[in-house]
Amino acid sequence: TPEYRLSSEEEKEGFELLFDGHSLEKWQGNLVDYVPVDGYIHVSAKYGGSGNLYTRKTYSDFIYRFEFCFAEPGVNNGVGIRTHIGTDAAYDGMEIQVLDHDDPIYKGLRPYQQHGAVYGIIVPKHVRFGKIGTWNTEEIRAVGDHITVTVNGEVILDGNIREACQGHAVAPDGGK
């Protein structure tokens, strides 16, 4: 089982470990289809299925680092950010796409739907993943309106959500 710990620098900077490899105590929502298995969170939820997993705590600016692998071809998931519990993050808030986008079932996929996209809004650089079961690293950084996604050490998306929305989908008072 892998060991999960924050470095002393991360602790000083106020980082928080959301998953220790064993417990989902810092999470809420669908705790049936998202379960700890062998040090990682195994996802068995199906597309259009039974709900999402949410952090218990609310974050505004953050850096979210995680590892992922596609255990089977055609995996489709996402990381909802700045969204409300019980809504579709792709349309209420933002969803950073987690997708095996080169699988043949996604022929005809639009660029704003591929892995790393702020779904429907900002197009990332296309990533080529290794074979099924290969582990990858990802970092999602959200600071104000600026969203950066880094996969396997390469920045694939670096954009301003307010500029990308061109004035649409912002709070009525123009706020964040």
# chains A, B, ... in the order shown; residues from 1 in each chain; ligands from 1
>>> select_by_dssp(residues="chain A", states="strand (DSSP E)", output="PyMOL selection string")
chain A and resi 27-29+34-37+40-43+53-55+62-68+76-81+94-99+136-143+146-151+154-160
>>> residues_around(residues="stretch 21-34 of chain A", least_positions_apart="6", cutoff="6 Å", atoms="only C-alpha atoms", output="PyMOL selection string")
chain A and resi 40+42-45+51-56
>>> write_last_selection(atoms="C-alpha atoms", output="CSV table (one decimal), in the first residue's frame")
chain,number,residue,atom,x,y,z
A,40,TYR,CA,-6.4,4.4,-4.2
A,42,HIS,CA,-11.7,2.8,-7.1
A,43,VAL,CA,-14.5,4.3,-9.2
A,44,SER,CA,-17.3,1.9,-10.3
A,45,ALA,CA,-19.9,4.6,-11.0
A,51,GLY,CA,-23.8,10.5,-8.1
A,52,ASN,CA,-20.6,12.2,-7.4
A,53,LEU,CA,-18.0,12.4,-4.7
A,54,TYR,CA,-17.5,15.8,-3.1
A,55,THR,CA,-15.0,17.2,-0.5
A,56,ARG,CA,-16.6,17.9,2.8
>>> residues_around(residues="A:Val155", least_positions_apart="2", cutoff="10 Å", atoms="only C-alpha atoms", output="ChimeraX atom specification")
/A:116,124-125,138-140,148-153,157-158
>>> closest_residue(among="A:His126, A:Arg162, A:His115, A:Lys57", to="A:Val98", atoms="only C-alpha atoms")
A:His115
>>> residues_around(residues="A:Ile63", least_positions_apart="4", cutoff="12 Å", atoms="only C-alpha atoms", output="list of chain:residue names")
A:Glu10, A:Glu13, A:Gly14, A:Phe15, A:Glu16, A:Leu17, A:Leu18, A:Tyr59, A:Ile81, A:Glu138, A:Glu139, A:Ile140, A:Arg141, A:Ala142, A:Val143, A:Gly144, A:His146, A:Ile147, A:Thr148, A:Val149, A:Thr150
>>> closest_residue(among="A:Ile122, A:Pro36, A:Arg128, A:Arg82", to="A:Leu99", atoms="only C-alpha atoms")
A:Arg128
